[in-house]
file run27.cif (mmCIF, C-alpha atoms)
data_input
#
loop_
_atom_site.label_atom_id
_atom_site.label_comp_id
_atom_site.auth_asym_id
_atom_site.auth_seq_id
_atom_site.Cartn_x
_atom_site.Cartn_y
_atom_site.Cartn_z
CA MET A 1 -60.95 108.90 -41.12
CA LYS A 2 -59.86 106.76 -44.01
CA HIS A 3 -60.92 103.69 -42.04
CA SER A 4 -64.41 104.96 -41.27
CA ALA A 5 -64.94 105.98 -44.91
CA ARG A 6 -64.05 102.45 -45.96
CA ILE A 7 -66.51 101.04 -43.42
CA GLY A 8 -69.17 103.44 -44.68
CA ARG A 9 -68.62 102.34 -48.27
CA PHE A 10 -68.77 98.70 -47.23
CA ALA A 11 -71.98 99.28 -45.27
CA GLY A 12 -73.50 101.06 -48.24
CA VAL A 13 -72.63 98.24 -50.61
CA ALA A 14 -73.89 95.66 -48.11
CA LEU A 15 -77.17 97.54 -47.70
CA LEU A 16 -77.67 97.73 -51.45
CA ALA A 17 -76.92 94.04 -51.83
CA MET A 18 -79.34 93.18 -49.03
CA ALA A 19 -82.01 95.37 -50.50
CA GLY A 20 -81.53 93.78 -53.89
CA GLY A 21 -81.65 90.32 -52.40
CA CYS A 22 -84.71 90.91 -50.27
CA VAL A 23 -86.92 92.81 -52.64
CA THR A 24 -88.31 90.25 -55.05
CA ARG A 25 -91.25 91.45 -57.01
CA PRO A 26 -93.68 88.76 -58.16
CA PRO A 27 -94.03 88.43 -61.92
CA THR A 28 -97.01 89.91 -63.67
CA ILE A 29 -99.91 87.55 -64.26
CA ALA A 30 -99.39 87.98 -68.00
CA HIS A 31 -95.78 86.88 -67.66
CA VAL A 32 -96.79 83.79 -65.70
CA HIS A 33 -99.14 82.77 -68.51
CA ILE A 34 -96.31 83.31 -70.98
CA GLY A 35 -94.13 81.21 -68.68
CA HIS A 36 -96.64 78.37 -69.01
CA ALA A 37 -95.99 78.38 -72.73
CA LEU A 38 -92.23 78.84 -72.57
CA THR A 39 -90.98 77.47 -69.27
CA GLY A 40 -93.18 75.13 -67.28
CA VAL A 41 -96.67 74.13 -66.29
CA ARG A 42 -97.76 71.52 -63.79
CA VAL A 43 -99.83 69.34 -66.12
CA THR A 44 -97.35 68.48 -68.88
CA PRO A 45 -94.97 65.50 -68.84
CA GLY A 46 -91.88 66.67 -66.96
CA GLU A 47 -93.75 69.85 -66.07
CA GLU A 48 -92.24 71.57 -69.09
CA GLY A 49 -93.75 74.53 -70.93
CA TYR A 50 -96.33 73.80 -73.60
CA LEU A 51 -94.08 74.97 -76.41
CA VAL A 52 -91.20 72.89 -75.03
CA THR A 53 -93.50 69.86 -75.07
CA ALA A 54 -94.57 70.61 -78.63
CA GLU A 55 -90.93 70.81 -79.72
CA ARG A 56 -90.01 67.57 -77.97
CA ARG A 57 -92.96 65.72 -79.47
CA ALA A 58 -92.16 67.14 -82.92
CA ARG A 59 -88.61 65.75 -82.64
CA GLU A 60 -90.03 62.37 -81.59
CA THR A 61 -92.35 62.42 -84.61
CA LEU A 62 -89.47 63.15 -86.94
CA ASP A 63 -87.28 60.41 -85.44
CA LEU A 64 -90.06 57.84 -85.73
CA ALA A 65 -90.93 58.85 -89.29
CA GLN A 66 -87.28 58.65 -90.32
CA LYS A 67 -87.01 55.20 -88.72
CA ALA A 68 -90.11 54.05 -90.61
CA ARG A 69 -88.76 55.54 -93.80
CA VAL A 70 -85.71 53.29 -93.91
CA SER A 71 -87.48 50.14 -92.82
CA GLY A 72 -88.44 47.48 -95.31
CA ASP A 73 -90.73 45.67 -92.92
CA LEU A 74 -94.40 46.59 -93.26
CA PRO A 75 -95.50 45.81 -89.67
CA GLU A 76 -92.54 47.82 -88.34
CA ILE A 77 -93.35 50.72 -90.66
CA LYS A 78 -96.93 50.67 -89.42
CA THR A 79 -95.90 50.55 -85.74
CA ASP A 80 -93.44 53.43 -86.05
CA THR A 81 -95.87 55.48 -88.10
CA ALA A 82 -98.63 54.94 -85.55
CA ALA A 83 -96.26 56.15 -82.83
CA ALA A 84 -95.34 59.18 -84.93
CA VAL A 85 -99.01 59.99 -85.43
CA HIS A 86 -99.61 59.61 -81.70
CA ALA A 87 -96.76 62.01 -80.92
CA THR A 88 -98.36 64.48 -83.29
CA VAL A 89 -102.09 64.36 -82.63
CA ALA A 90 -102.60 62.76 -79.19
CA GLU A 91 -104.69 64.98 -76.94
CA ASP A 92 -104.38 63.19 -73.61
CA ASP A 93 -100.67 62.63 -74.11
CA PHE A 94 -99.71 66.10 -75.30
CA GLY A 95 -99.00 65.60 -78.97
CA VAL A 96 -97.55 68.45 -81.02
CA LYS A 97 -100.95 69.76 -82.05
CA HIS A 98 -102.42 69.82 -78.57
CA ALA A 99 -99.32 71.20 -76.88
CA LEU A 100 -99.02 74.00 -79.43
CA THR A 101 -102.71 74.80 -79.13
CA MET A 102 -102.29 75.05 -75.36
CA ALA A 103 -99.30 77.35 -75.82
CA ALA A 104 -101.41 79.62 -78.00
CA HIS A 105 -104.25 79.56 -75.47
CA HIS A 106 -101.90 80.62 -72.72
CA ILE A 107 -100.53 83.47 -74.78
CA THR A 108 -104.15 84.54 -75.21
CA PHE A 109 -104.65 84.20 -71.45
CA ALA A 110 -101.63 86.44 -71.02
CA ALA A 111 -103.15 89.01 -73.34
CA THR A 112 -106.42 89.07 -71.40
CA SER A 113 -104.72 89.57 -68.05
CA GLU A 114 -105.24 92.95 -66.45
CA ASP A 115 -101.51 93.59 -66.37
CA ALA A 116 -100.90 92.57 -69.99
CA SER A 117 -98.77 95.02 -71.91
CA LEU A 118 -99.95 96.39 -75.22
CA ASN A 119 -97.10 94.39 -76.78
CA VAL A 120 -98.56 91.10 -75.53
CA GLN A 121 -102.11 92.12 -76.41
CA ARG A 122 -101.04 92.81 -79.98
CA ALA A 123 -98.78 89.79 -80.34
CA ALA A 124 -101.31 87.21 -79.12
CA PRO A 125 -103.69 87.36 -82.12
CA VAL A 126 -100.72 87.14 -84.48
CA PHE A 127 -99.40 84.05 -82.73
CA ALA A 128 -102.87 82.48 -82.65
CA GLY A 129 -103.04 82.84 -86.42
CA ASP A 130 -99.46 81.84 -87.11
CA ILE A 131 -99.78 78.38 -85.58
CA ALA A 132 -102.23 77.37 -88.34
CA ARG A 133 -99.71 75.82 -90.72
CA VAL A 134 -98.21 73.59 -88.02
CA LEU A 135 -101.72 72.49 -87.04
CA GLU A 136 -102.47 71.75 -90.69
CA ARG A 137 -99.35 69.60 -91.02
CA CYS A 138 -100.36 67.77 -87.85
CA GLU A 139 -103.77 67.01 -89.35
CA LEU A 140 -102.14 65.83 -92.55
CA ILE A 141 -99.73 63.58 -90.65
CA GLY A 142 -102.78 62.05 -88.96
CA LEU A 143 -104.54 61.42 -92.28
CA LEU A 144 -101.46 60.00 -93.99
CA GLY A 145 -100.83 57.86 -90.93
CA ARG A 146 -104.22 56.26 -91.44
CA ASP A 147 -103.27 55.57 -95.04
CA VAL A 148 -100.06 53.90 -93.90
CA ALA A 149 -102.05 51.75 -91.47
CA ALA A 150 -104.25 50.64 -94.36
CA SER A 151 -101.37 50.03 -96.78
CA ALA A 152 -101.05 46.56 -98.21
CA SER A 153 -97.50 46.97 -99.50
CA VAL A 154 -94.22 48.40 -98.30
CA HIS A 155 -94.07 50.49 -101.46
CA ASP A 156 -97.40 52.23 -100.84
CA ALA A 157 -96.66 52.70 -97.15
CA GLN A 158 -93.23 54.17 -97.90
CA ILE A 159 -94.66 56.81 -100.20
CA SER A 160 -96.87 58.13 -97.40
CA VAL A 161 -94.15 57.73 -94.77
CA GLU A 162 -91.77 59.79 -96.90
CA GLU A 163 -94.33 62.58 -96.90
CA ILE A 164 -94.92 62.25 -93.16
CA ALA A 165 -91.18 62.63 -92.57
CA LYS A 166 -91.12 65.80 -94.69
CA LEU A 167 -94.07 67.20 -92.78
CA ALA A 168 -92.50 66.30 -89.44
CA ASP A 169 -89.30 68.06 -90.40
CA ALA A 170 -91.26 71.12 -91.53
CA ASN A 171 -93.17 71.14 -88.25
CA LEU A 172 -89.91 71.33 -86.39
CA ASN A 173 -87.80 73.55 -88.63
CA GLY A 174 -90.17 75.27 -91.02
CA GLU A 175 -90.22 74.86 -94.78
CA GLU A 176 -89.51 76.75 -97.96
CA ALA A 177 -92.59 76.82 -100.13
CA ASN A 178 -92.89 80.24 -101.74
CA GLY A 179 -89.71 80.15 -103.80
CA ASP A 180 -87.86 82.92 -101.99
CA GLY A 181 -85.14 80.51 -100.89
CA VAL A 182 -85.68 81.22 -97.21
CA VAL A 183 -87.04 78.58 -94.86
CA GLY A 184 -89.85 79.92 -92.68
CA SER A 185 -89.93 83.37 -94.24
CA VAL A 186 -93.73 83.65 -93.98
CA PRO A 187 -96.23 82.19 -91.49
CA GLN A 188 -97.40 79.68 -94.11
CA GLU A 189 -93.91 78.15 -93.89
CA TYR A 190 -93.56 78.28 -90.12
CA GLY A 191 -92.47 75.41 -87.96
CA LEU A 192 -92.01 75.42 -84.20
CA LYS A 193 -88.59 77.02 -84.60
CA GLN A 194 -90.12 80.14 -86.14
CA LEU A 195 -93.00 80.14 -83.66
CA ARG A 196 -90.55 80.03 -80.77
CA LYS A 197 -88.68 82.96 -82.25
CA GLU A 198 -91.94 84.85 -82.55
CA LEU A 199 -92.61 84.37 -78.83
CA GLU A 200 -89.02 85.16 -77.90
CA ASP A 201 -89.20 88.37 -79.92
CA MET A 202 -92.43 89.21 -78.11
CA VAL A 203 -90.91 88.75 -74.66
CA ALA A 204 -87.79 90.66 -75.71
CA ARG A 205 -90.00 93.67 -76.36
CA GLU A 206 -91.60 93.51 -72.93
CA SER A 207 -91.39 96.40 -70.53
CA PRO A 208 -91.03 95.81 -67.65
CA ARG A 209 -88.55 93.21 -68.83
CA TYR A 210 -89.66 89.58 -68.98
CA VAL A 211 -87.56 87.30 -66.82
CA THR A 212 -87.94 83.55 -66.62
CA VAL A 213 -90.76 82.96 -64.17
CA ASP A 214 -89.99 81.10 -60.97
CA GLN A 215 -91.59 77.66 -60.73
CA TRP A 216 -93.59 78.57 -57.62
CA TYR A 217 -95.45 81.26 -59.54
CA LEU A 218 -95.89 79.02 -62.57
CA PHE A 219 -97.49 76.30 -60.49
CA ASN A 220 -99.62 78.42 -58.19
CA LEU A 221 -101.55 80.74 -60.43
CA VAL A 222 -105.27 80.33 -59.87
CA ARG A 223 -108.32 81.96 -61.27
CA LEU A 224 -110.91 83.05 -58.76
CA PRO A 225 -114.64 82.71 -59.45
CA ASN A 226 -114.77 86.48 -59.99
CA GLY A 227 -112.39 86.12 -62.89
CA ARG A 228 -109.30 87.52 -61.20
CA TRP A 229 -106.01 85.69 -61.42
CA VAL A 230 -104.09 85.39 -58.15
CA PHE A 231 -101.28 83.33 -56.67
CA ASP A 232 -102.38 80.64 -54.23
CA LYS A 233 -100.36 81.54 -51.14
CA LEU A 234 -100.85 78.04 -49.77
CA GLY A 235 -99.09 76.66 -52.82
CA ARG A 236 -101.71 74.04 -53.61
CA GLY A 237 -101.07 74.23 -57.34
CA GLY A 238 -103.12 76.25 -59.77
CA ASN A 239 -106.03 74.20 -60.98
CA ILE A 240 -109.14 76.11 -60.13
CA ASP A 241 -112.01 76.76 -62.49
CA GLY A 242 -110.77 74.41 -65.14
CA TYR A 243 -107.52 76.26 -65.69
CA LYS A 244 -104.70 73.99 -66.77
CA MET B 1 -111.22 67.23 -72.09
CA TRP B 2 -108.21 69.51 -71.72
CA LYS B 3 -109.35 71.56 -74.64
CA LEU B 4 -112.84 71.95 -73.23
CA ALA B 5 -111.48 73.01 -69.87
CA VAL B 6 -109.18 75.59 -71.40
CA LEU B 7 -111.84 76.90 -73.73
CA ALA B 8 -114.22 77.15 -70.80
CA ALA B 9 -111.66 79.15 -68.88
CA LEU B 10 -111.00 81.33 -71.89
CA CYS B 11 -114.71 81.94 -72.35
CA ALA B 12 -114.95 82.87 -68.70
CA ALA B 13 -112.01 85.21 -69.06
CA LEU B 14 -113.79 86.89 -71.90
CA ALA B 15 -117.14 87.08 -70.10
CA GLY B 16 -119.04 90.28 -70.54
CA ILE B 17 -118.30 90.57 -74.22
CA PRO B 18 -121.13 88.99 -76.20
CA GLY B 19 -120.42 86.72 -79.08
CA ALA B 20 -116.98 85.81 -77.85
CA LEU B 21 -116.70 82.47 -79.53
CA ALA B 22 -119.19 83.03 -82.25
CA GLN B 23 -118.57 82.00 -85.83
CA THR B 24 -116.06 83.84 -87.87
CA ALA B 25 -118.30 84.85 -90.72
CA GLY B 26 -118.38 88.43 -89.56
CA SER B 27 -115.28 89.67 -91.29
CA ASP B 28 -116.86 89.81 -94.75
CA LYS B 29 -119.82 91.72 -93.42
CA CYS B 30 -117.51 94.19 -91.66
CA ALA B 31 -115.42 94.68 -94.77
CA SER B 32 -118.44 95.25 -96.98
CA GLY B 33 -119.68 98.04 -94.74
CA THR B 34 -123.21 96.69 -94.51
CA ALA B 35 -123.61 97.52 -90.87
CA ALA B 36 -126.42 96.15 -88.77
CA PRO B 37 -129.02 98.67 -87.52
CA ALA B 38 -127.62 98.41 -83.99
CA VAL B 39 -124.18 99.34 -85.30
CA GLN B 40 -125.55 102.23 -87.33
CA GLN B 41 -127.50 103.58 -84.37
CA ALA B 42 -124.53 103.29 -82.05
CA ARG B 43 -122.29 104.93 -84.62
CA THR B 44 -124.69 107.83 -85.03
CA ALA B 45 -124.86 108.27 -81.27
CA LEU B 46 -121.08 108.31 -81.01
CA GLU B 47 -120.78 110.82 -83.84
CA ARG B 48 -123.08 113.13 -81.92
CA ASP B 49 -120.85 112.93 -78.85
CA PRO B 50 -117.42 111.46 -79.66
CA ALA B 51 -116.17 111.99 -76.12
CA ALA B 52 -118.94 109.88 -74.55
CA LEU B 53 -117.38 106.66 -73.37
CA GLU B 54 -120.69 104.83 -72.97
CA ALA B 55 -121.60 105.54 -76.58
CA ARG B 56 -118.20 104.22 -77.64
CA PHE B 57 -118.73 101.08 -75.59
CA ARG B 58 -122.16 100.56 -77.16
CA LEU B 59 -120.70 100.83 -80.65
CA ALA B 60 -117.87 98.45 -79.76
CA SER B 61 -120.36 95.95 -78.31
CA ALA B 62 -122.57 96.21 -81.40
CA LEU B 63 -119.53 95.55 -83.59
CA LEU B 64 -118.50 92.60 -81.46
CA ASP B 65 -122.02 91.22 -81.78
CA GLN B 66 -121.50 91.32 -85.52
CA GLN B 67 -118.11 89.63 -85.10
CA CYS B 68 -116.40 92.76 -86.37
CA TYR B 69 -113.56 92.39 -83.90
CA GLU B 70 -110.91 94.46 -85.68
CA GLU B 71 -113.36 97.31 -86.09
CA ALA B 72 -114.37 97.12 -82.43
CA VAL B 73 -110.71 97.38 -81.41
CA GLN B 74 -110.30 100.42 -83.67
CA VAL B 75 -113.33 102.12 -82.12
CA LEU B 76 -112.05 101.47 -78.61
CA GLU B 77 -108.50 102.51 -79.45
CA ALA B 78 -109.84 105.78 -80.80
CA GLY B 79 -111.28 106.43 -77.35
CA GLU B 80 -107.90 106.18 -75.67
CA ALA B 81 -106.93 109.68 -76.76
CA THR B 82 -109.79 111.28 -74.83
CA ASN B 83 -109.79 108.73 -72.02
CA PRO B 84 -106.18 107.85 -71.28
CA GLN B 85 -105.63 105.02 -68.81
CA ASN B 86 -109.31 104.42 -68.29
CA ALA B 87 -109.61 101.00 -66.64
CA ALA B 88 -112.97 100.13 -68.20
CA LEU B 89 -111.77 101.10 -71.65
CA GLU B 90 -108.57 99.11 -71.26
CA ALA B 91 -110.48 96.05 -70.06
CA ARG B 92 -112.76 96.20 -73.09
CA LEU B 93 -109.79 96.66 -75.37
CA ARG B 94 -108.06 93.60 -73.93
CA ALA B 95 -111.21 91.55 -74.34
CA ALA B 96 -111.81 92.79 -77.88
CA ARG B 97 -108.23 92.02 -78.88
CA SER B 98 -108.59 88.55 -77.44
CA MET B 99 -111.63 88.07 -79.68
CA ILE B 100 -109.29 88.57 -82.60
CA SER B 101 -107.00 85.90 -81.14
CA GLU B 102 -109.90 83.53 -80.80
CA GLN B 103 -111.18 84.31 -84.27
CA ARG B 104 -107.77 83.70 -85.83
CA TYR B 105 -107.32 80.51 -83.87
CA ILE B 106 -110.70 79.14 -84.94
CA GLU B 107 -110.08 80.16 -88.55
CA GLY B 108 -106.70 78.46 -88.38
CA VAL B 109 -108.12 75.23 -87.00
CA THR B 110 -110.88 75.12 -89.60
CA GLN B 111 -108.43 75.88 -92.36
CA ALA B 112 -106.03 73.25 -91.01
CA GLU B 113 -108.66 70.52 -91.11
CA GLU B 114 -109.94 71.39 -94.57
CA GLY B 115 -106.48 72.05 -95.96
CA ALA B 116 -105.13 68.76 -94.66
CA LYS B 117 -107.96 66.79 -96.26
CA LEU B 118 -107.35 68.45 -99.61
CA GLN B 119 -103.59 67.98 -99.41
CA ARG B 120 -104.00 64.33 -98.50
CA ASN B 121 -106.25 63.78 -101.50
CA LEU B 122 -103.91 65.66 -103.82
CA PHE B 123 -100.98 63.63 -102.53
CA ARG B 124 -102.70 60.28 -102.94
CA CYS B 125 -104.07 61.19 -106.35
CA LYS B 126 -100.69 62.28 -107.69
CA LYS B 127 -98.39 59.83 -105.95
CA LEU B 128 -100.53 56.75 -105.53
CA ALA B 129 -103.01 57.14 -108.38
CA ASP B 130 -105.85 56.87 -105.90
CA LEU B 131 -108.90 57.59 -108.04
CA ALA B 132 -111.25 58.21 -105.12
CA ALA B 133 -108.78 60.77 -103.75
CA CYS B 134 -108.56 62.42 -107.20
CA ASP B 135 -112.34 62.76 -107.39
CA GLU B 136 -112.52 64.11 -103.85
CA ALA B 137 -109.80 66.68 -104.58
CA LEU B 138 -111.47 67.71 -107.83
CA LYS B 139 -114.55 68.76 -105.88
CA SER B 140 -112.63 71.75 -104.58
CA ARG B 141 -110.15 72.14 -107.44
CA ARG B 142 -112.18 71.48 -110.51
CA ASN B 143 -109.91 73.20 -113.00
CA ASP B 144 -106.55 72.10 -111.68
CA PRO B 145 -104.75 70.76 -114.78
CA GLU B 146 -102.16 68.86 -112.76
CA LEU B 147 -104.91 67.14 -110.83
CA LEU B 148 -106.84 66.32 -113.97
CA THR B 149 -103.71 64.80 -115.46
CA ALA B 150 -103.11 62.81 -112.31
CA ARG B 151 -106.68 61.55 -112.47
CA ALA B 152 -106.16 60.49 -116.05
CA ASP B 153 -103.03 58.65 -114.94
CA ALA B 154 -104.94 57.00 -112.11
CA LEU B 155 -107.64 55.84 -114.49
CA ALA B 156 -105.04 54.42 -116.82
CA ARG B 157 -103.36 52.57 -113.98
CA GLN B 158 -106.66 50.95 -113.20
CA GLY B 159 -106.97 49.85 -116.82
CA LYS B 160 -109.65 52.39 -117.57
CA THR B 161 -107.85 54.02 -120.45
CA ALA B 162 -111.07 54.67 -122.29
CA GLU B 163 -111.98 57.09 -119.56
CA ALA B 164 -108.56 58.66 -119.47
CA PRO B 165 -109.37 61.76 -121.47
CA ALA B 166 -112.14 62.36 -118.96
CA ALA B 167 -114.72 64.94 -119.76
CA PRO B 168 -113.50 67.33 -117.08
CA VAL B 169 -110.06 67.44 -118.71
CA LYS B 170 -111.39 68.81 -121.95
CA ALA B 171 -114.01 70.96 -120.37
CA ALA B 172 -111.96 72.47 -117.60
CA VAL B 173 -108.43 72.97 -118.87
CA PRO B 174 -107.95 76.46 -120.15
CA ALA B 175 -105.88 76.83 -123.32
CA PRO B 176 -102.69 78.34 -121.81
CA VAL B 177 -102.15 75.47 -119.39
CA ALA B 178 -103.20 72.67 -121.71
CA ALA B 179 -99.68 72.16 -123.03
CA PRO B 180 -98.18 70.26 -120.07
CA ILE B 181 -101.07 67.83 -120.15
CA LYS B 182 -100.16 66.45 -123.55
CA PRO B 183 -97.03 64.54 -122.72
CA ARG B 184 -98.53 63.02 -119.63
CA VAL B 185 -101.75 61.97 -121.28
CA ALA B 186 -99.54 60.54 -123.98
CA VAL B 187 -97.87 58.50 -121.27
CA VAL B 188 -101.26 57.16 -120.34
CA ALA B 189 -101.43 55.60 -123.78
CA ARG B 190 -98.35 53.51 -122.93
CA PRO B 191 -99.51 51.34 -120.03
CA LYS B 192 -96.06 49.88 -119.28
CA ALA B 193 -94.37 53.22 -118.74
CA PRO B 194 -94.41 54.90 -115.29
CA LEU B 195 -97.77 56.52 -114.99
CA TYR B 196 -96.92 59.23 -112.55
CA SER B 197 -93.83 61.12 -111.67
CA ASN B 198 -92.26 62.14 -108.41
CA ASP B 199 -90.61 65.21 -109.84
CA ALA B 200 -92.98 67.74 -108.38
CA PRO B 201 -91.07 70.50 -106.64
CA PRO B 202 -91.20 70.72 -102.86
CA GLY B 203 -94.35 72.32 -101.64
CA GLN B 204 -96.31 71.25 -104.69
CA SER B 205 -96.05 67.56 -104.19
CA HIS B 206 -99.17 67.26 -102.10
#
call {"tool": "encode", "arguments": {"input": "run27.cif", "output": "structure tokens"}}
result
Amino acid sequence: MKHSARIGRFAGVALLAMAGGCVTRPPTIAHVHIGHALTGVRVTPGEEGYLVTAERRARETLDLAQKARVSGDLPEIKTDTAAAVHATVAEDDFGVKHALTMAAHHITFAATSEDASLNVQRAAPVFAGDIARVLERCELIGLLGRDVAASASVHDAQISVEEIAKLADANLNGEEANGDGVVGSVPQEYGLKQLRKELEDMVARESPRYVTVDQWYLFNLVRLPNGRWVFDKLGRGGNIDGYK
Amino acid sequence: MWKLAVLAALCAALAGIPGALAQTAGSDKCASGTAAPAVQQARTALERDPAALEARFRLASALLDQQCYEEAVQVLEAGEATNPQNAALEARLRAARSMISEQRYIEGVTQAEEGAKLQRNLFRCKKLADLAACDEALKSRRNDPELLTARADALARQGKTAEAPAAPVKAAVPAPVAAPIKPRVAVVARPKAPLYSNDAPPGQSH
């Protein structure tokens, strides 16, 4: 009797485990779009998420600007600054500005999906607006970079490079500009760190819960001509109708 | 190219809602309450029959045409009480909310470009005594005393001390903020002294 009860319990547990293992529900389309921003997408270098790319490129910009800052050699300053500008504003090579813009677009895609939660629909416009200060710093880095390229002296170049380094740091970590003593307390002070938190807070509020999206779903979301988003069962990689 | 492709996809995703990527000048009009005739007519029709979903959709569409995206969302959200879980209503709400995303994004990009140009000119005027940058910045900040002082410094650095107390300085500086100008214009009179300072607090240095 005791033996058969034990077997019954074991069978029950095994059945539950099997059921749990077999039943895998695909993510919502909205969550896949969010995954493109946070986790991975086929088109980026290393197939990383757009926000991940933006963060990596922002770190590269800061490193290059700091290297230029301590150099006393004008050609070297110009080379490093040009590389920093490229890491910030390049479109075909996923600079900070482009990668962040793509992240925001994909959050908007998420919000327009049929299965988007109200939470995502409401968070998307906020995020789209909150990226503005980082974009502005990117533009400014580009303009100051041109000034460095045109500089005739180390002194003049260094003054602009110093500012570029400050902007690059703010793009990564946020800044304190309104006198409240808190870095990134308002969107006008945001860097990528605060923007990431904003997205993480958004996904933390999701119901059903957001879980990191499996790569297969990330890479095989396609948009049909009728506007519907579906997963390509043949796994050819989502790139239909201009969707990247 | 990437941007175009994504924007094209976004436009397609928003298809069916007119004026999706239109300019963002609508917000002022919406705030001022000067509604277009189409909006007024649609509003009147909805007031006659608040439960009619089609009338609500017409008003929302008219508002979207006027780029009154927030207002369109409010009108559609108000319909949720009488039409819970209505697929058509929810689709229009999603699309209308995405208009707000698009509007904020476009506003942000425009602001970023303009803001960066101004900040670059302010920075170069104050830190590098770049006269052309000073003049460019003054176009949008005519009465900025700090900028006027920086311009005076820039003029002095270029040996144009006669122009230093430039007409805009006298004309534009209001009395309460004139005080800080004095010491720095006084510096202009001493060509060998540093003509600009790097002591601006963070956030105001450019």
call {"tool": "interface_residues", "arguments": {"input": "run27.cif", "of": "chain A", "to": "chain B", "cutoff": "9 Å", "atoms": "only C-alpha atoms", "output": "ChimeraX atom specification"}}
result
/A:91-92,98,101-102,104-106,108-109,111-114,116,118,121-122,124-141,143-144,156,159-160,163,175-178,223,227-228,241-244
call {"tool": "atom_distance", "arguments": {"input": "run27.cif", "atom1": "CA of Val85 in chain A", "atom2": "CA of Ser151 in chain A"}}
result
15.3 Å
call {"tool": "residues_around", "arguments": {"input": "run27.cif", "residues": "Val213 in chain A", "least_positions_apart": "6", "cutoff": "9 Å", "atoms": "all atoms listed in the file", "output": "list in words"}}
result
Pro26, Pro27, His31, Val32, Ile34, Gly35, His36, Thr39 and Gly40 of chain A
call {"tool": "resolve_selection", "arguments": {"input": "run27.cif", "expression": "the PyMOL selection byres ((chain B and resi 43-50) around 12)", "output": "JSON, numbers by chain"}}
result
{"B": [35, 36, 37, 38, 39, 40, 41, 42, 51, 52, 53, 54, 55, 56, 57, 58, 59, 60, 61, 62, 63, 71, 72, 75, 76, 78, 79, 80, 81, 82, 83]}
call {"tool": "residues_near_point", "arguments": {"input": "run27.cif", "point": "(-94.9, 66.7, -77.8)", "cutoff": "7 Å", "atoms": "only C-alpha atoms", "output": "JSON, numbers by chain"}}
result
{"A": [53, 54, 55, 56, 57, 58, 87, 88, 94, 95, 96, 99]}
call {"tool": "closest_residue", "arguments": {"input": "run27.cif", "among": "A:Leu51, A:Val222, A:Leu172, A:Ala150", "to": "Leu100 in chain A", "atoms": "all atoms listed in the file"}}
result
A:Leu51
call {"tool": "closest_residue", "arguments": {"input": "run27.cif", "among": "A:Val43, A:Ala82, A:Val120, A:Ala157", "to": "Glu198 in chain A", "atoms": "only C-alpha atoms"}}
result
A:Val120
call {"tool": "atom_distance", "arguments": {"input": "run27.cif", "atom1": "CA of Leu64 in chain A", "atom2": "CA of Arg196 in chain A"}}
result
22.7 Å
call {"tool": "resolve_selection", "arguments": {"input": "run27.cif", "expression": "the PyMOL selection byres ((chain A and resi 190) around 8)", "output": "PyMOL selection string"}}
result
chain A and resi 130-131+133-134+170-171+173-175+184-189+191-195
call {"tool": "closest_residue", "arguments": {"input": "run27.cif", "among": "B:Leu122, B:Leu155, B:Leu89, B:Leu64", "to": "Glu136 in chain B", "atoms": "all atoms listed in the file"}}
result
B:Leu122
